[in-house]
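**Student:** Contents of start39.txt (compact mmCIF, C-alpha atoms):
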# COMPACT_ATOMS: atom_id res chain seq x y z
CA MET A 1 -13.43 -13.38 11.64
CA VAL A 2 -14.31 -11.47 8.52
CA ARG A 3 -11.39 -9.85 6.84
CA HIS A 4 -11.83 -6.15 6.50
CA ASP A 5 -11.26 -6.11 2.75
CA GLN A 6 -13.85 -8.85 2.21
CA ALA A 7 -16.44 -7.05 4.24
CA THR A 8 -15.95 -3.72 2.57
CA ALA A 9 -15.48 -4.70 -1.06
CA GLY A 10 -17.56 -2.72 -3.49
CA TYR A 11 -18.56 0.13 -1.24
CA GLY A 12 -15.97 2.70 -2.24
CA GLY A 13 -14.05 5.00 0.02
CA ALA A 14 -15.82 8.29 -0.42
CA ARG A 15 -19.26 9.30 0.66
CA GLY A 16 -22.14 11.42 -0.53
CA ARG A 17 -25.33 9.48 -1.21
CA GLU A 18 -28.82 10.05 0.10
CA GLY A 19 -29.81 9.69 3.76
CA VAL A 20 -26.95 9.72 6.19
CA GLY A 21 -24.58 9.92 3.23
CA ALA A 22 -25.71 13.51 2.71
CA LEU A 23 -23.91 14.90 5.74
CA PRO A 24 -21.99 18.15 5.20
CA GLU A 25 -18.62 17.65 3.57
CA THR A 26 -17.01 19.46 6.46
CA ALA A 27 -18.25 16.98 9.05
CA SER A 28 -15.37 15.10 10.66
CA PHE A 29 -15.28 11.34 10.55
CA HIS A 30 -16.00 11.32 14.26
CA ASP A 31 -19.19 13.33 13.75
CA GLN A 32 -20.21 11.20 10.79
CA PHE A 33 -19.61 8.06 12.80
CA VAL A 34 -21.66 9.32 15.74
CA ASP A 35 -24.51 10.31 13.41
CA LEU A 36 -24.44 6.92 11.73
CA PHE A 37 -24.36 5.14 15.05
CA ASN A 38 -27.29 7.12 16.41
CA ALA A 39 -29.28 6.60 13.22
CA HIS A 40 -28.57 2.93 12.63
CA PHE A 41 -27.34 1.04 15.67
CA ARG A 42 -30.76 0.28 17.07
CA ARG A 43 -32.22 -0.94 13.81
CA LEU A 44 -29.15 -2.98 12.99
CA PHE A 45 -29.44 -4.57 16.44
CA ARG A 46 -33.16 -5.21 15.94
CA TYR A 47 -32.53 -6.74 12.52
CA LEU A 48 -29.87 -9.09 13.91
CA ASP A 49 -31.98 -9.88 16.95
CA ARG A 50 -34.90 -10.93 14.78
CA LEU A 51 -32.62 -12.82 12.43
CA SER A 52 -30.81 -14.77 15.12
CA GLY A 53 -33.25 -14.90 18.03
CA GLU A 54 -30.25 -14.19 20.28
CA PRO A 55 -30.20 -10.65 21.68
CA GLU A 56 -26.72 -10.96 23.19
CA LEU A 57 -25.29 -12.13 19.91
CA ALA A 58 -27.16 -9.40 18.05
CA ALA A 59 -25.76 -6.76 20.42
CA ASP A 60 -22.22 -8.10 19.97
CA LEU A 61 -22.47 -8.22 16.19
CA ALA A 62 -24.08 -4.81 15.79
CA GLN A 63 -21.38 -3.34 17.99
CA GLU A 64 -18.64 -5.17 16.11
CA ALA A 65 -19.96 -3.87 12.77
CA PHE A 66 -19.63 -0.31 14.06
CA ILE A 67 -16.16 -1.05 15.43
CA ARG A 68 -15.19 -2.23 11.93
CA LEU A 69 -16.60 0.97 10.50
CA HIS A 70 -14.53 3.01 12.92
CA GLU A 71 -11.42 1.01 12.10
CA ARG A 72 -12.08 1.73 8.42
CA GLY A 73 -11.57 5.42 9.17
CA SER A 74 -13.93 6.72 6.48
CA VAL A 75 -17.61 6.46 5.68
CA PRO A 76 -18.38 4.22 2.68
CA ASP A 77 -20.60 5.36 -0.18
CA ALA A 78 -23.49 3.26 1.05
CA PRO A 79 -23.01 3.06 4.81
CA GLU A 80 -26.27 1.26 5.57
CA ALA A 81 -25.55 -1.49 3.05
CA TRP A 82 -21.95 -1.68 4.25
CA LEU A 83 -23.03 -2.14 7.86
CA ILE A 84 -25.56 -4.80 6.94
CA THR A 85 -23.00 -6.69 4.87
CA VAL A 86 -20.40 -6.61 7.62
CA ALA A 87 -22.95 -7.62 10.22
CA LEU A 88 -24.20 -10.50 8.06
CA ASN A 89 -20.67 -11.74 7.49
CA LEU A 90 -20.03 -11.59 11.22
CA PHE A 91 -23.29 -13.41 11.83
CA ARG A 92 -22.34 -16.13 9.37
CA ASN A 93 -18.96 -16.55 11.05
CA ALA A 94 -20.47 -16.55 14.51
CA LYS A 95 -22.93 -19.21 13.52
CA SER A 96 -20.20 -21.42 12.16
CA SER A 97 -17.83 -20.90 15.05
CA GLU A 98 -17.86 -22.81 18.26
CA THR A 99 -16.26 -19.91 20.07
CA ARG A 100 -19.63 -18.25 20.02
CA ARG A 101 -20.51 -20.65 22.78
CA ARG A 102 -18.31 -18.64 25.11
CA ARG A 103 -21.45 -16.82 26.10
CA LEU A 104 -22.22 -19.26 28.85
CA LEU A 105 -22.18 -16.69 31.57
CA THR A 106 -24.29 -14.03 30.01
CA LEU A 107 -27.17 -14.40 32.38
CA THR A 108 -26.69 -11.06 34.07
CA ARG A 109 -25.72 -9.52 30.77
CA GLY A 110 -28.84 -10.90 29.18
CA GLU A 111 -30.92 -9.26 31.83
CA GLY A 112 -29.46 -5.98 30.73
CA VAL A 113 -30.49 -6.60 27.16
CA HIS A 114 -33.96 -7.86 28.04
CA ALA A 115 -34.88 -4.64 29.72
CA ASP A 116 -38.61 -4.79 29.04
CA PRO A 117 -40.88 -4.67 32.11
CA PRO A 118 -42.29 -8.06 33.14
CA PRO A 119 -45.78 -8.63 31.67
CA LEU A 120 -48.83 -9.87 33.59
CA PRO A 121 -49.24 -13.69 33.79
CA ASP A 122 -51.92 -14.00 31.04
CA GLU A 123 -50.11 -11.55 28.84
CA ALA A 124 -46.89 -13.40 29.48
CA ALA A 125 -48.36 -16.71 28.33
CA GLU A 126 -49.93 -15.16 25.25
CA SER A 127 -46.80 -13.20 24.45
CA LYS A 128 -44.65 -16.27 24.91
CA GLU A 129 -46.82 -18.27 22.54
CA SER A 130 -46.83 -15.50 19.98
CA ARG A 131 -43.07 -15.21 20.25
CA ARG A 132 -42.69 -18.94 19.78
CA ARG A 133 -44.81 -18.92 16.64
CA VAL A 134 -43.07 -15.97 15.08
CA ARG A 135 -39.68 -17.41 15.94
CA ALA A 136 -40.65 -20.77 14.47
CA THR A 137 -41.93 -19.03 11.35
CA LEU A 138 -38.74 -17.07 10.85
CA ASP A 139 -36.63 -20.16 11.41
CA ARG A 140 -38.58 -22.09 8.80
CA MET A 141 -38.41 -19.44 6.12
CA PRO A 142 -35.80 -19.68 3.36
CA GLU A 143 -32.72 -17.70 4.37
CA ARG A 144 -32.91 -15.16 1.59
CA GLU A 145 -36.60 -14.38 2.10
CA ARG A 146 -36.10 -14.08 5.84
CA ARG A 147 -33.24 -11.60 5.48
CA LEU A 148 -35.12 -9.64 2.84
CA LEU A 149 -38.26 -9.39 4.92
CA LEU A 150 -36.44 -8.39 8.08
CA LEU A 151 -34.38 -5.75 6.33
CA ARG A 152 -37.45 -4.15 4.82
CA ALA A 153 -39.19 -4.31 8.19
CA GLU A 154 -36.38 -2.07 9.44
CA GLY A 155 -37.01 0.38 6.63
CA TYR A 156 -33.89 -0.24 4.56
CA SER A 157 -34.15 0.98 0.97
CA TYR A 158 -34.48 -1.39 -1.96
CA ARG A 159 -31.03 -0.34 -3.10
CA ASP A 160 -29.41 -1.13 0.25
CA ILE A 161 -31.26 -4.44 0.45
CA ALA A 162 -30.21 -5.38 -3.08
CA THR A 163 -26.59 -4.44 -2.37
CA ALA A 164 -26.39 -6.23 0.96
CA LEU A 165 -28.10 -9.41 -0.23
CA GLU A 166 -26.63 -9.31 -3.76
CA LEU A 167 -30.05 -9.21 -5.41
CA ASN A 168 -31.28 -7.59 -8.59
CA GLU A 169 -32.65 -4.28 -7.35
CA ALA A 170 -35.36 -4.26 -10.05
CA SER A 171 -37.08 -7.27 -8.51
CA VAL A 172 -36.76 -6.54 -4.79
CA GLY A 173 -40.45 -5.59 -4.60
CA VAL A 174 -41.66 -8.88 -6.04
CA MET A 175 -39.32 -10.88 -3.82
CA LEU A 176 -40.53 -8.91 -0.85
CA ALA A 177 -44.16 -9.63 -1.69
CA ARG A 178 -43.29 -13.33 -1.86
CA ALA A 179 -41.42 -13.16 1.43
CA LYS A 180 -44.41 -11.60 3.20
CA GLN A 181 -46.69 -14.19 1.72
CA ALA A 182 -44.32 -16.96 2.80
CA PHE A 183 -44.24 -15.54 6.31
CA ARG A 184 -48.03 -15.43 6.55
CA THR A 185 -48.43 -18.96 5.25
CA THR A 186 -45.74 -20.39 7.49
CA TYR A 187 -47.05 -18.49 10.50
CA GLU A 188 -50.51 -19.94 9.99
CA GLU A 189 -49.00 -23.41 9.71
CA ALA A 190 -47.04 -22.81 12.90
CA SER A 191 -50.23 -21.64 14.61
CA HIS A 192 -51.93 -24.91 13.83
CA ALA A 193 -48.95 -27.03 14.76
CA PRO A 194 -49.20 -28.81 18.15
CA MET B 195 -52.66 -1.73 -18.08
CA HIS B 196 -52.69 -2.50 -14.34
CA LEU B 197 -49.84 -2.04 -11.88
CA ASP B 198 -47.64 -5.09 -11.61
CA PRO B 199 -46.65 -6.57 -8.22
CA GLU B 200 -43.25 -4.83 -8.29
CA GLN B 201 -44.92 -1.47 -8.84
CA VAL B 202 -47.42 -2.09 -6.07
CA GLN B 203 -44.66 -2.85 -3.58
CA ARG B 204 -42.56 0.10 -4.70
CA LEU B 205 -45.56 2.38 -4.44
CA LEU B 206 -46.20 1.09 -0.96
CA HIS B 207 -42.62 1.79 0.08
CA GLY B 208 -42.04 5.03 -1.81
CA GLN B 209 -39.42 3.34 -3.96
CA LEU B 210 -40.65 4.39 -7.41
CA PRO B 211 -38.65 7.12 -9.11
CA GLY B 212 -40.42 10.50 -9.56
CA SER B 213 -42.06 10.12 -12.98
CA ALA B 214 -42.99 6.47 -12.44
CA ASP B 215 -44.50 7.36 -9.08
CA THR B 216 -46.61 10.11 -10.62
CA ALA B 217 -47.84 7.81 -13.37
CA ALA B 218 -48.65 5.01 -10.95
CA ARG B 219 -50.62 7.31 -8.68
CA ALA B 220 -52.55 8.70 -11.64
CA HIS B 221 -53.45 5.13 -12.62
CA LEU B 222 -54.39 4.30 -9.06
CA ALA B 223 -56.84 7.20 -8.91
CA ALA B 224 -58.76 5.71 -11.82
CA CYS B 225 -58.41 1.97 -11.15
CA ASP B 226 -60.34 0.35 -8.31
CA ALA B 227 -58.68 -3.02 -8.83
CA CYS B 228 -55.18 -1.62 -8.34
CA GLY B 229 -56.39 0.47 -5.42
CA ALA B 230 -57.70 -2.69 -3.78
CA GLU B 231 -54.42 -4.44 -4.57
CA LEU B 232 -52.42 -1.70 -2.89
CA ALA B 233 -54.73 -1.65 0.14
CA ALA B 234 -54.39 -5.42 0.52
CA ALA B 235 -50.60 -5.19 0.28
CA GLU B 236 -50.61 -2.47 2.89
CA ARG B 237 -52.77 -4.54 5.27
CA GLU B 238 -50.63 -7.60 4.81
CA GLU B 239 -47.46 -5.67 5.51
CA HIS B 240 -48.96 -4.06 8.59
CA ASP B 241 -49.97 -7.46 9.96
CA VAL B 242 -46.63 -9.12 9.20
CA PHE B 243 -44.55 -6.32 10.67
CA ALA B 244 -46.74 -6.24 13.77
CA LEU B 245 -46.12 -9.97 14.29
CA LEU B 246 -42.38 -9.49 13.90
CA ARG B 247 -42.34 -7.14 16.87
CA ALA B 248 -43.30 -10.07 19.09
CA VAL B 249 -39.73 -11.37 19.04
CA ASP B 250 -38.04 -8.03 19.71
CA HIS B 251 -35.82 -7.31 22.68
CA ALA B 252 -34.74 -3.96 24.02
CA PRO B 253 -31.46 -2.81 22.47
CA PRO B 254 -28.41 -2.56 24.72
CA PRO B 255 -27.76 0.86 26.23
CA LEU B 256 -24.69 1.56 24.12
CA THR B 257 -23.35 4.92 23.01
CA ALA B 258 -21.25 5.86 20.00
CA GLU B 259 -18.50 7.08 22.32
CA ALA B 260 -18.32 3.69 24.05
CA VAL B 261 -17.96 1.93 20.69
CA ILE B 262 -15.27 4.40 19.61
CA ALA B 263 -13.37 3.74 22.84
CA ARG B 264 -13.53 0.00 22.23
CA ALA B 265 -12.47 0.40 18.60
CA ARG B 266 -9.44 2.43 19.68
CA GLY B 267 -8.52 -0.05 22.40
CA LYS B 268 -8.79 -2.94 19.96
CA GLY B 269 -6.65 -1.20 17.36
CA LEU B 270 -3.80 -0.79 19.83
CA GLY B 271 -3.76 -4.47 20.72
CA PRO B 272 -1.22 -5.72 18.12
CA MET B 273 1.06 -2.74 18.82
CA ARG B 274 1.05 -3.60 22.50
CA TRP B 275 2.01 -7.16 21.74
CA ALA B 276 4.80 -6.03 19.43
CA ALA B 277 6.09 -3.61 22.06
CA GLY B 278 5.93 -6.38 24.65
CA ALA B 279 7.89 -8.75 22.41
CA LEU B 280 10.57 -6.12 21.76
CA LEU B 281 10.82 -5.38 25.45
CA ALA B 282 11.19 -9.08 26.24
CA LEU B 283 13.95 -9.41 23.64
CA GLY B 284 15.71 -6.39 25.12
CA VAL B 285 15.52 -7.77 28.64
CA ALA B 286 16.75 -11.17 27.45
CA GLY B 287 19.67 -9.56 25.62
CA ALA B 288 20.66 -7.51 28.66
CA ALA B 289 20.43 -10.57 30.90
CA TYR B 290 22.63 -12.54 28.49
CA ALA B 291 25.24 -9.78 28.31
CA MET B 292 25.47 -9.24 32.06
CA PRO B 293 28.73 -10.61 33.55
CA GLY B 294 28.13 -13.81 35.49
CA SER B 295 24.62 -14.05 34.18
CA PRO B 296 23.05 -17.50 34.56
CA VAL B 297 21.18 -16.82 31.32
CA ARG B 298 24.44 -17.03 29.38
CA ALA B 299 25.18 -20.45 30.89
CA TRP B 300 21.65 -21.53 30.19
CA VAL B 301 21.76 -20.49 26.55
CA GLU B 302 25.16 -22.09 26.07
CA ALA B 303 23.97 -25.32 27.64
CA ILE B 304 21.02 -25.40 25.28
CA GLY B 305 23.37 -24.74 22.37
CA GLN B 306 25.54 -27.65 23.43
CA ARG B 307 22.57 -29.93 23.72
CA LEU B 308 21.40 -29.01 20.24
CA ALA B 309 24.92 -29.60 18.87
CA GLY B 310 24.92 -33.18 20.20
CA PRO B 311 27.24 -34.97 22.65
CA PRO B 312 30.68 -33.42 23.08
CA GLY B 313 33.51 -34.97 21.08
CA PRO B 314 36.82 -36.10 22.56
CA SER B 315 38.63 -32.84 21.74
CA ARG B 316 36.15 -30.69 23.57
CA GLU B 317 36.94 -28.92 26.79
CA ALA B 318 35.50 -30.02 30.09
CA PRO B 319 31.80 -29.34 30.46
CA GLY B 320 30.85 -25.93 31.81
CA PRO B 321 28.74 -25.24 34.81
CA ALA B 322 25.52 -27.14 35.24
CA LEU B 323 22.37 -25.79 33.67
CA VAL B 324 20.94 -23.06 35.85
CA GLU B 325 17.28 -22.16 35.43
CA PRO B 326 16.84 -18.41 35.37
CA PRO B 327 14.90 -17.20 38.34
CA ALA B 328 11.61 -16.05 36.93
CA VAL B 329 8.07 -15.51 37.96
CA ALA B 330 5.58 -17.40 35.83
CA GLY B 331 3.00 -15.16 34.29
CA ILE B 332 1.29 -13.80 31.23
CA ALA B 333 -0.16 -10.52 29.98
CA VAL B 334 -3.01 -10.29 27.53
CA ALA B 335 -5.27 -7.65 26.07
CA PRO B 336 -8.66 -7.78 27.80
CA GLY B 337 -10.66 -7.52 24.57
CA ARG B 338 -14.37 -7.17 24.93
CA GLN B 339 -14.64 -10.15 27.22
CA LEU B 340 -12.04 -12.24 28.99
CA ARG B 341 -12.53 -15.30 31.10
CA ILE B 342 -9.68 -16.23 33.43
CA VAL B 343 -9.95 -19.86 34.42
CA PHE B 344 -8.05 -21.59 37.22
CA THR B 345 -8.41 -25.25 36.45
CA SER B 346 -8.42 -26.48 40.05
CA TYR B 347 -9.22 -25.59 43.59
CA GLN B 348 -6.18 -25.63 45.84
CA ALA B 349 -5.41 -26.90 49.32
CA VAL B 350 -3.98 -23.49 50.18
CA GLY B 351 -3.33 -20.25 48.34
CA GLU B 352 -5.18 -17.21 47.15
CA VAL B 353 -5.50 -14.93 44.18
CA ARG B 354 -5.00 -11.23 44.71
CA VAL B 355 -6.95 -9.16 42.22
CA SER B 356 -6.41 -5.45 41.71
CA LEU B 357 -7.53 -2.80 39.25
CA THR B 358 -4.83 -0.85 37.47
CA ASP B 359 -4.43 1.83 34.83
CA SER B 360 -2.53 -0.60 32.61
CA ALA B 361 -3.98 -1.58 29.24
CA GLU B 362 -3.45 -5.31 29.74
CA VAL B 363 -4.57 -8.00 32.08
CA SER B 364 -1.59 -9.59 33.76
CA ALA B 365 -1.58 -12.83 35.72
CA ARG B 366 1.44 -13.99 37.72
CA ALA B 367 2.33 -16.71 40.17
CA PRO B 368 4.89 -15.04 42.48
CA ALA B 369 4.76 -18.03 44.82
CA GLY B 370 4.43 -21.51 43.37
CA ALA B 371 4.15 -22.71 39.81
CA ALA B 372 1.46 -22.85 37.18
CA THR B 373 1.09 -23.05 33.43
CA PHE B 374 -0.51 -20.14 31.63
CA SER B 375 -2.12 -20.34 28.23
CA THR B 376 -4.41 -18.11 26.27
CA GLY B 377 -6.64 -18.40 23.26
CA GLY B 378 -9.67 -16.48 22.07
CA ASP B 379 -11.36 -14.94 25.03
CA ARG B 380 -9.88 -17.29 27.66
CA LEU B 381 -6.82 -17.23 29.82
CA VAL B 382 -6.33 -20.63 31.37
CA ILE B 383 -4.13 -21.11 34.42
CA ALA B 384 -3.35 -24.76 35.09
CA ASN B 385 -2.72 -24.69 38.83
CA ASP B 386 -2.54 -28.40 39.48
CA GLU B 387 0.33 -28.03 41.91
CA GLY B 388 -2.21 -26.83 44.44
CA THR B 389 -0.24 -24.43 46.62
CA ALA B 390 0.49 -21.37 44.47
CA THR B 391 -0.46 -17.79 45.14
CA PHE B 392 -1.50 -15.62 42.21
CA GLU B 393 -1.72 -11.95 41.33
CA ILE B 394 -4.10 -10.69 38.68
CA ARG B 395 -4.13 -7.09 37.58
CA ILE B 396 -7.07 -5.88 35.58
CA PRO B 397 -7.32 -2.61 33.65
CA ARG B 398 -10.01 -0.36 35.04
CA THR B 399 -11.24 0.12 31.47
CA ALA B 400 -11.69 -3.59 30.77
CA PRO B 401 -15.36 -4.09 29.85
CA TRP B 402 -15.89 -7.67 31.00
CA ILE B 403 -13.58 -9.87 33.06
CA GLU B 404 -14.54 -13.08 34.81
CA ILE B 405 -12.43 -15.22 37.11
CA HIS B 406 -13.33 -18.84 37.62
CA VAL B 407 -11.81 -21.22 40.14
CA GLY B 408 -12.53 -24.92 39.89
CA GLY B 409 -15.56 -24.33 37.68
CA SER B 410 -17.17 -21.59 39.78
CA ARG B 411 -17.20 -17.94 38.92
CA VAL B 412 -15.73 -16.04 41.85
CA PHE B 413 -15.23 -12.62 40.32
CA LEU B 414 -16.94 -10.53 37.69
CA LYS B 415 -15.98 -7.08 36.50
CA ARG B 416 -18.63 -5.68 34.24
CA GLY B 417 -17.81 -2.15 33.16
CA PRO B 418 -17.05 -0.26 36.36
CA ASP B 419 -18.93 -2.74 38.55
CA VAL B 420 -17.24 -5.61 40.33
CA THR B 421 -19.13 -8.53 41.83
CA THR B 422 -17.49 -10.98 44.21
CA ALA B 423 -18.48 -12.75 47.37
CA LEU B 424 -15.88 -10.78 49.29
CA PRO B 425 -15.57 -7.05 49.89
CA ALA B 426 -12.67 -5.10 48.44
CA ALA B 427 -9.89 -4.51 50.95
CA PRO B 428 -8.33 -2.07 50.29
CA PRO B 429 -10.60 -0.37 47.72
CA GLY B 430 -9.89 -1.69 44.24
CA ALA B 431 -8.22 -4.89 45.48
CA TRP B 432 -9.62 -8.26 46.43
CA VAL B 433 -8.18 -11.43 47.94
CA LEU B 434 -10.02 -14.48 46.70
CA PRO B 435 -9.44 -17.88 48.30
CA MET B 436 -8.36 -20.71 46.02
CA THR B 437 -9.74 -23.36 48.34
CA ARG B 438 -12.93 -25.28 47.70
CA PRO B 439 -15.86 -23.55 49.43
CA GLU B 440 -17.31 -25.34 52.43
CA ARG B 441 -20.78 -26.75 51.97
Go ahead and render the structure in this file as structure tokens.

**Tutor:**
Amino acid sequence: MVRHDQATAGYGGARGREGVGALPETASFHDQFVDLFNAHFRRLFRYLDRLSGEPELAADLAQEAFIRLHERGSVPDAPEAWLITVALNLFRNAKSSETRRRRLLTLTRGEGVHADPPPLPDEAAESKESRRRVRATLDRMPERERRLLLLRAEGYSYRDIATALELNEASVGVMLARAKQAFRTTYEEASHAP
Amino acid sequence: MHLDPEQVQRLLHGQLPGSADTAARAHLAACDACGAELAAAEREEHDVFALLRAVDHAPPPLTAEAVIARARGKGLGPMRWAAGALLALGVAGAAYAMPGSPVRAWVEAIGQRLAGPPGPSREAPGPALVEPPAVAGIAVAPGRQLRIVFTSYQAVGEVRVSLTDSAEVSARAPAGAATFSTGGDRLVIANDEGTATFEIRIPRTAPWIEIHVGGSRVFLKRGPDVTTALPAAPPGAWVLPMTRPER
């Protein structure tokens, strides 16, 4: 598992930046935590879900990132970037660990996560094919471009993206443009693949 | 001078600082080429982000309070283990000090064994090694998910499961013998003897507990809900057979 100090390095102990960081100074940690959770849990889950293609894993990791934040006991300077970094470290560890395969009995749990209503047969086939292509496209993209694209798709700021992915903030826009282009190209290739 | 690709993306995402944003928009108002560039970037992003939604799943219905409760429960885990270890040491010490305690004889016998065979000047050997009467068992923190695995079906025997207000899952074999081991999210009970009876106590607050016998899941506690093939009798307690189900 990720050590707490590794996951939190470079994010400071105080708070007070834009966005959620601009909560009143008098807000208790509990209130700050709840606000952060309500503002970011769903998009962190969605980011990890798209990244991994495994909703159960994404739910576990997003939850674990917030548990780490609570264990930290204070809100970091850049909470969004901190959460992404912790979640990505957890994701990396999960991917390299065989214990992740404990989720053999998550069938009923998975049903809880896949709570969308069942589509009609034609829609289901089309949706399944579309899902397959997008998944294949994401899986074929270079890791850095994939993470960059998915973070921006969740509305994270250039600064948070640069911090979380250790990029030069001044060139996030160009890298993003390339990532979108790479996605389009790879998607079209996947569409023509048998 | 046209907008460069970085400026176009930043303009699209509102990521240009104030003065640079004003200047870029002023240029955009007078430059059709850059306007077309920005429109194309906007279209491309719209299309790409729309495609990404195809792989989305609904997020789990989780609340901040539930995560806080789990964080607090997790933080207490090591303290519980430390308290348990201290308690075990205390009990062992008291058992050793008690007059006529078999534990004393047991410890002394082990000491003699470690010291090697007795020499000629030694006194006559003490009483034979007496195993302390004990019930085999284990207690573990439930974590976010715990899988309790009995390795075998049995010819006879049962496992009595109950919900408690304790913070730990405990598993005991009050009748018969078994080997207990734990690691990660598993508690493995090697019940090869085939006749033991077991007791498992599960905290009501445990989020996810499974019990497997001989490769089949026979019990699932998921939040407050419990699923088994058998009804609870009495409420909050179940008796699960350890025998192979008839086909």

**Student:** Could you list, with a cut-off of 8 Å and counting only C-alpha atoms, the residues of chain A near chain B, each shown with its nearest atom pair and the distance in Å rounded to one decimal, rows sorted by chain and ascending number, as JSON lines?

**Tutor:**
{"residue": "A:Phe33", "atom": "CA", "partner": "B:Ala258", "partner_atom": "CA", "distance": 7.7}
{"residue": "A:Val34", "atom": "CA", "partner": "B:Ala258", "partner_atom": "CA", "distance": 5.5}
{"residue": "A:Phe37", "atom": "CA", "partner": "B:Ala258", "partner_atom": "CA", "distance": 5.9}
{"residue": "A:Asn38", "atom": "CA", "partner": "B:Ala258", "partner_atom": "CA", "distance": 7.1}
{"residue": "A:Arg42", "atom": "CA", "partner": "B:Pro253", "partner_atom": "CA", "distance": 6.3}
{"residue": "A:Phe45", "atom": "CA", "partner": "B:Pro253", "partner_atom": "CA", "distance": 6.6}
{"residue": "A:Arg46", "atom": "CA", "partner": "B:Asp250", "partner_atom": "CA", "distance": 6.8}
{"residue": "A:Asp49", "atom": "CA", "partner": "B:Asp250", "partner_atom": "CA", "distance": 6.9}
{"residue": "A:Arg50", "atom": "CA", "partner": "B:Val249", "partner_atom": "CA", "distance": 6.5}
{"residue": "A:Gly53", "atom": "CA", "partner": "B:Val249", "partner_atom": "CA", "distance": 7.4}
{"residue": "A:Pro55", "atom": "CA", "partner": "B:His251", "partner_atom": "CA", "distance": 6.6}
{"residue": "A:Ala59", "atom": "CA", "partner": "B:Pro254", "partner_atom": "CA", "distance": 6.6}
{"residue": "A:Gln63", "atom": "CA", "partner": "B:Val261", "partner_atom": "CA", "distance": 6.8}
{"residue": "A:Phe66", "atom": "CA", "partner": "B:Val261", "partner_atom": "CA", "distance": 7.2}
{"residue": "A:Ile67", "atom": "CA", "partner": "B:Ala265", "partner_atom": "CA", "distance": 5.1}
{"residue": "A:Arg68", "atom": "CA", "partner": "B:Ala265", "partner_atom": "CA", "distance": 7.7}
{"residue": "A:His70", "atom": "CA", "partner": "B:Ala265", "partner_atom": "CA", "distance": 6.6}
{"residue": "A:Glu71", "atom": "CA", "partner": "B:Ala265", "partner_atom": "CA", "distance": 6.6}
{"residue": "A:Thr99", "atom": "CA", "partner": "B:Gly378", "partner_atom": "CA", "distance": 7.7}
{"residue": "A:Arg102", "atom": "CA", "partner": "B:Asp379", "partner_atom": "CA", "distance": 7.9}
{"residue": "A:Gly112", "atom": "CA", "partner": "B:Pro254", "partner_atom": "CA", "distance": 7.0}
{"residue": "A:Val113", "atom": "CA", "partner": "B:Pro254", "partner_atom": "CA", "distance": 5.2}
{"residue": "A:His114", "atom": "CA", "partner": "B:Ala252", "partner_atom": "CA", "distance": 5.7}
{"residue": "A:Ala115", "atom": "CA", "partner": "B:Ala252", "partner_atom": "CA", "distance": 5.7}
{"residue": "A:Asp116", "atom": "CA", "partner": "B:Ala252", "partner_atom": "CA", "distance": 6.4}
{"residue": "A:Ser127", "atom": "CA", "partner": "B:Ala248", "partner_atom": "CA", "distance": 7.1}
{"residue": "A:Ser130", "atom": "CA", "partner": "B:Ala248", "partner_atom": "CA", "distance": 6.5}
{"residue": "A:Arg131", "atom": "CA", "partner": "B:Val249", "partner_atom": "CA", "distance": 5.2}
{"residue": "A:Val134", "atom": "CA", "partner": "B:Leu246", "partner_atom": "CA", "distance": 6.6}
{"residue": "A:Arg135", "atom": "CA", "partner": "B:Val249", "partner_atom": "CA", "distance": 6.8}
{"residue": "A:Ala153", "atom": "CA", "partner": "B:Phe243", "partner_atom": "CA", "distance": 6.2}
{"residue": "A:Ser157", "atom": "CA", "partner": "B:Gln209", "partner_atom": "CA", "distance": 7.6}
{"residue": "A:Tyr158", "atom": "CA", "partner": "B:Gln209", "partner_atom": "CA", "distance": 7.1}
{"residue": "A:Ser171", "atom": "CA", "partner": "B:Glu200", "partner_atom": "CA", "distance": 6.6}
{"residue": "A:Val172", "atom": "CA", "partner": "B:Glu200", "partner_atom": "CA", "distance": 7.6}
{"residue": "A:Gly173", "atom": "CA", "partner": "B:Glu200", "partner_atom": "CA", "distance": 4.7}
{"residue": "A:Val174", "atom": "CA", "partner": "B:Glu200", "partner_atom": "CA", "distance": 4.9}
{"residue": "A:Leu176", "atom": "CA", "partner": "B:Gln203", "partner_atom": "CA", "distance": 7.8}
{"residue": "A:Ala177", "atom": "CA", "partner": "B:Gln203", "partner_atom": "CA", "distance": 7.1}
{"residue": "A:Lys180", "atom": "CA", "partner": "B:Val242", "partner_atom": "CA", "distance": 6.9}
{"residue": "A:Phe183", "atom": "CA", "partner": "B:Val242", "partner_atom": "CA", "distance": 7.4}
{"residue": "A:Arg184", "atom": "CA", "partner": "B:Val242", "partner_atom": "CA", "distance": 7.0}

**Student:** Please indicate the distance in Å from CA of Leu148 in chain A to CA of Ala162 in chain A, rounded to one decimal place.

**Tutor:**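 According to the coordinates, CA of Leu148 in chain A and CA of Ala162 in chain A are separated by 8.8 Å.
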
**Student:** Just the number, please: distance in Å from CA of Ala426 in chain B to CA of Leu357 in chain B, one decimal.

**Tutor:**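 Rounded to one decimal, the two atoms are 10.8 Å apart.
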
**Student:** Using only C-alpha atoms, determine which residues lie at most 8 Å from Pro418 in chain B, disregarding the query and same-chain residues fewer than 4 positions distant; provide the list as a PyMOL selection string.

**Tutor:** chain B and resi 398-399+401

**Student:** Which is closer to Ala234 in chain B than all the others in A:Gln181, A:Pro142, A:Glu54, A:Leu48, using only C-alpha atoms?

**Tutor:**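 Distance minimum relative to Ala234 in chain B lands on A:Gln181.
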
**Student:** Report, in Å to a single decimal, how far apart CA of Phe374 in chain B and CA of Trp402 in chain B are.

**Tutor:**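 Value for the CA of Trp402 in chain B-CA of Phe374 in chain B distance: 19.8 Å.
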